[in-house]
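As provided, my_file_7.cif (mmCIF, C-alpha atoms) reads as follows.
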```
data_upload
#
loop_
_atom_site.label_atom_id
_atom_site.label_comp_id
_atom_site.auth_asym_id
_atom_site.auth_seq_id
_atom_site.Cartn_x
_atom_site.Cartn_y
_atom_site.Cartn_z
CA SER A 105 21.07 -26.86 100.66
CA ILE A 106 21.29 -23.09 100.79
CA LYS A 107 25.07 -23.29 101.30
CA LEU A 108 25.36 -25.37 98.14
CA LEU A 109 23.36 -22.77 96.21
CA ILE A 110 25.40 -19.87 97.57
CA ASP A 111 28.77 -21.57 96.96
CA SER A 112 27.76 -22.44 93.41
CA MET A 113 26.48 -18.93 92.65
CA VAL A 114 29.64 -17.34 94.07
CA ASP A 115 31.70 -19.64 91.83
CA ILE A 116 29.75 -18.67 88.71
CA CYS A 117 29.97 -14.96 89.57
CA ASP A 118 33.74 -15.31 90.00
CA GLU A 119 34.06 -17.14 86.67
CA LYS A 120 32.01 -14.53 84.82
CA GLY A 121 33.69 -11.60 86.58
CA PHE A 122 30.47 -10.43 88.27
CA ASP A 123 30.62 -8.43 91.49
CA THR A 124 28.79 -10.62 94.02
CA LYS A 125 27.64 -7.55 95.95
CA HIS A 126 25.88 -6.11 92.89
CA THR A 127 24.68 -9.24 91.09
CA TYR A 128 21.04 -10.23 91.42
CA ILE A 129 19.86 -13.77 90.86
CA TRP A 130 16.31 -14.89 90.21
CA ALA A 131 16.02 -18.29 91.88
CA ASP A 132 12.82 -19.66 90.42
CA CYS A 133 12.57 -22.36 93.08
CA PHE A 134 12.24 -19.63 95.74
CA CYS A 135 10.03 -17.26 93.74
CA SER A 136 7.43 -19.60 92.25
CA ASN A 137 5.31 -22.22 93.99
CA HIS A 138 5.64 -25.25 91.73
CA HIS A 139 3.55 -27.45 94.02
CA ARG A 140 0.23 -25.73 93.43
CA SER A 141 -1.86 -25.87 90.31
CA PHE A 142 -1.36 -23.08 87.82
CA ASP A 143 -1.97 -22.28 84.19
CA PHE A 144 0.97 -23.66 82.18
CA LYS A 145 0.46 -21.19 79.34
CA THR A 146 0.72 -18.27 81.79
CA TYR A 147 3.85 -19.81 83.33
CA LEU A 148 5.41 -20.27 79.89
CA THR A 149 4.65 -16.64 78.98
CA SER A 150 6.22 -15.42 82.23
CA VAL A 151 9.34 -17.54 81.77
CA ARG A 152 9.75 -16.33 78.19
CA ALA A 153 9.34 -12.66 79.21
CA LEU A 154 11.94 -13.02 81.97
CA LEU A 155 14.41 -14.80 79.70
CA LEU A 156 14.00 -12.23 76.94
CA LYS A 157 15.04 -9.57 79.47
CA THR A 158 17.96 -11.42 81.03
CA ARG A 159 19.14 -13.51 78.04
CA GLU A 160 21.00 -15.58 80.64
CA VAL A 161 20.14 -18.84 82.41
CA VAL A 162 22.22 -20.51 85.09
CA CYS A 163 21.16 -24.11 85.69
CA LEU A 164 22.29 -25.35 89.08
CA LEU A 165 22.77 -29.10 88.93
CA ASN A 166 23.02 -31.11 92.13
CA CYS A 167 25.30 -33.69 90.49
CA TRP A 168 26.66 -34.52 87.05
CA LYS A 169 25.60 -38.17 86.78
CA ASP A 170 21.83 -37.93 87.11
CA PRO A 171 20.89 -34.32 87.92
CA ASP A 172 17.50 -33.55 89.43
CA TYR A 173 17.33 -30.51 87.12
CA LEU A 174 16.56 -32.83 84.21
CA LYS A 175 13.74 -34.59 86.07
CA LYS A 176 11.43 -31.64 86.71
CA MET A 177 9.01 -30.40 84.08
CA TRP A 178 9.40 -26.74 85.11
CA THR A 179 13.21 -26.77 84.88
CA ILE A 180 13.11 -28.55 81.54
CA THR A 181 10.59 -25.92 80.39
CA VAL A 182 12.94 -23.09 81.39
CA LEU A 183 15.81 -24.81 79.60
CA PHE A 184 13.67 -25.36 76.48
CA VAL A 185 12.60 -21.70 76.34
CA ALA A 186 16.21 -20.61 76.87
CA VAL A 187 17.36 -22.74 73.93
CA VAL A 188 14.52 -21.53 71.67
CA GLU A 189 15.21 -17.88 72.56
CA LYS A 190 18.98 -18.38 72.12
CA CYS A 191 19.82 -17.33 75.68
CA ASN A 192 23.23 -17.92 77.21
CA ILE A 193 23.00 -21.11 79.26
CA THR A 194 25.50 -22.03 81.96
CA PHE A 195 25.39 -25.27 83.88
CA VAL A 196 26.82 -25.05 87.38
CA LEU A 197 27.85 -27.89 89.64
CA PRO A 198 28.58 -27.66 93.35
CA PRO A 199 32.35 -27.50 93.96
CA SER A 200 32.58 -31.14 95.14
CA GLU A 201 30.65 -32.42 92.10
CA ARG A 202 32.68 -30.25 89.78
CA LEU A 203 35.87 -31.80 91.17
CA GLU A 204 34.40 -35.29 90.78
CA LEU A 205 33.53 -34.52 87.14
CA VAL A 206 37.04 -33.22 86.44
CA ASN A 207 38.52 -36.35 88.04
CA GLU A 208 36.20 -38.58 86.01
CA ILE A 209 37.26 -36.91 82.76
CA SER A 210 40.95 -36.95 83.75
CA ASN A 211 40.91 -40.62 84.74
CA ASN A 212 38.44 -42.13 82.28
CA GLY A 213 37.93 -39.63 79.49
CA TYR A 214 34.50 -38.43 78.41
CA SER A 215 32.78 -41.80 77.86
CA ASN A 216 30.96 -42.03 81.24
CA VAL A 217 30.06 -38.34 81.07
CA LEU A 218 28.58 -38.73 77.59
CA LEU A 219 26.68 -41.85 78.67
CA SER A 220 25.01 -39.87 81.45
CA LEU A 221 23.77 -37.05 79.18
CA PRO A 222 20.93 -38.72 77.27
CA SER A 223 19.50 -40.35 80.39
CA PHE A 224 16.69 -37.85 80.89
CA ASP A 225 13.24 -38.48 79.46
CA ILE A 226 10.78 -35.59 79.11
CA GLU A 227 7.86 -38.01 79.31
CA LYS A 228 9.01 -39.11 82.78
CA ALA A 229 9.61 -35.60 84.10
CA GLU A 230 7.86 -34.73 87.35
CA ALA A 231 5.04 -32.30 86.70
CA VAL A 232 3.70 -29.74 89.11
CA LYS A 233 1.07 -31.17 91.43
#
```
Could you take the file, read its structure, and then write that structure out as structure tokens?
Amino acid sequence: SIKLLIDSMVDICDEKGFDTKHTYIWADCFCSNHHRSFDFKTYLTSVRALLLKTREVVCLLNCWKDPDYLKKMWTITVLFVAVVEKCNITFVLPPSERLELVNEISNNGYSNVLLSLPSFDIEKAEAVK
């Protein structure tokens, strides 16, 4: 939801000390139509150019156990380019999910969290239609 996005972005701005009135966020999901056909090479070039300017990627996860972010080809592509170009990468959870993650670690340690990390498979990622 939009509220989830806003709450999460306000949290990350607060953590990084950014002024929310003067911080601009490129939300790829609102700026690019990932449901139409397009040239992947052109998309990759555009993503790389943007990341070389910003050097910063904020990945908004919907949950910590099985995030949708790791199921979409275009988000995995952005993450891959960010890693290759050595950009700063921040993963953000909605406040309720963040609290659930903290509780999970506090109560059960890191084992369940670590078990959830390798569960994504690039070959099963949803591609653009």
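As for CA of Arg202 (chain A) and CA of Pro171 (chain A), they are spaced 12.6 Å apart.
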Between CA of Glu208 (chain A) and CA of Glu227 (chain A), what is the distance, to one decimal in Å?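 Taking CA of Glu208 (chain A) as the start and CA of Glu227 (chain A) as the end point, the length is 29.1 Å.
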In Å, rounded to a single decimal, give me how far CA of Glu189 (chain A) is from CA of Lys169 (chain A).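 If I compute the distance from CA of Lys169 (chain A) to CA of Glu189 (chain A), I get 26.9 Å.
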Nearest to Phe184 (chain A): which of A:Ile209, A:Cys117, A:Leu155, A:Val196 is it, counting all atoms listed in the file?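 Smallest separation from Phe184 (chain A) among the options: A:Leu155.
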Evaluate the PyMOL selection byres ((chain A and resi 160) around 8) and report residues as a list in words: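 Selected by the PyMOL selection byres ((chain A and resi 160) around 8) in this file: Leu155, Thr158, Arg159, Val161, Val162, Ala186, Cys191, Asn192, Ile193 and Thr194 of chain A.
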Please write as a VMD selection string the list of polymer residues whose atoms come within 12 Å of (18.9, -24.4, 90.5), counting all atoms listed in the file and keeping to the coordinates of the file. chain A and resid 105 to 106 108 to 110 112 to 113 129 to 135 161 to 167 171 to 174 176 178 to 180 182 to 183 194 to 198
Mind listing as a compact mmCIF listing (two decimals) with C-alpha atoms, in the coordinates of the input all residues within 12 Å of (26.8, -40.9, 82.8), counting all atoms listed in the file?
```
# COMPACT_ATOMS: atom_id res chain seq x y z
CA CYS A 167 25.30 -33.69 90.49
CA TRP A 168 26.66 -34.52 87.05
CA LYS A 169 25.60 -38.17 86.78
CA ASP A 170 21.83 -37.93 87.11
CA PRO A 171 20.89 -34.32 87.92
CA LEU A 205 33.53 -34.52 87.14
CA GLU A 208 36.20 -38.58 86.01
CA ILE A 209 37.26 -36.91 82.76
CA ASN A 212 38.44 -42.13 82.28
CA GLY A 213 37.93 -39.63 79.49
CA TYR A 214 34.50 -38.43 78.41
CA SER A 215 32.78 -41.80 77.86
CA ASN A 216 30.96 -42.03 81.24
CA VAL A 217 30.06 -38.34 81.07
CA LEU A 218 28.58 -38.73 77.59
CA LEU A 219 26.68 -41.85 78.67
CA SER A 220 25.01 -39.87 81.45
CA LEU A 221 23.77 -37.05 79.18
CA PRO A 222 20.93 -38.72 77.27
CA SER A 223 19.50 -40.35 80.39
CA PHE A 224 16.69 -37.85 80.89
```
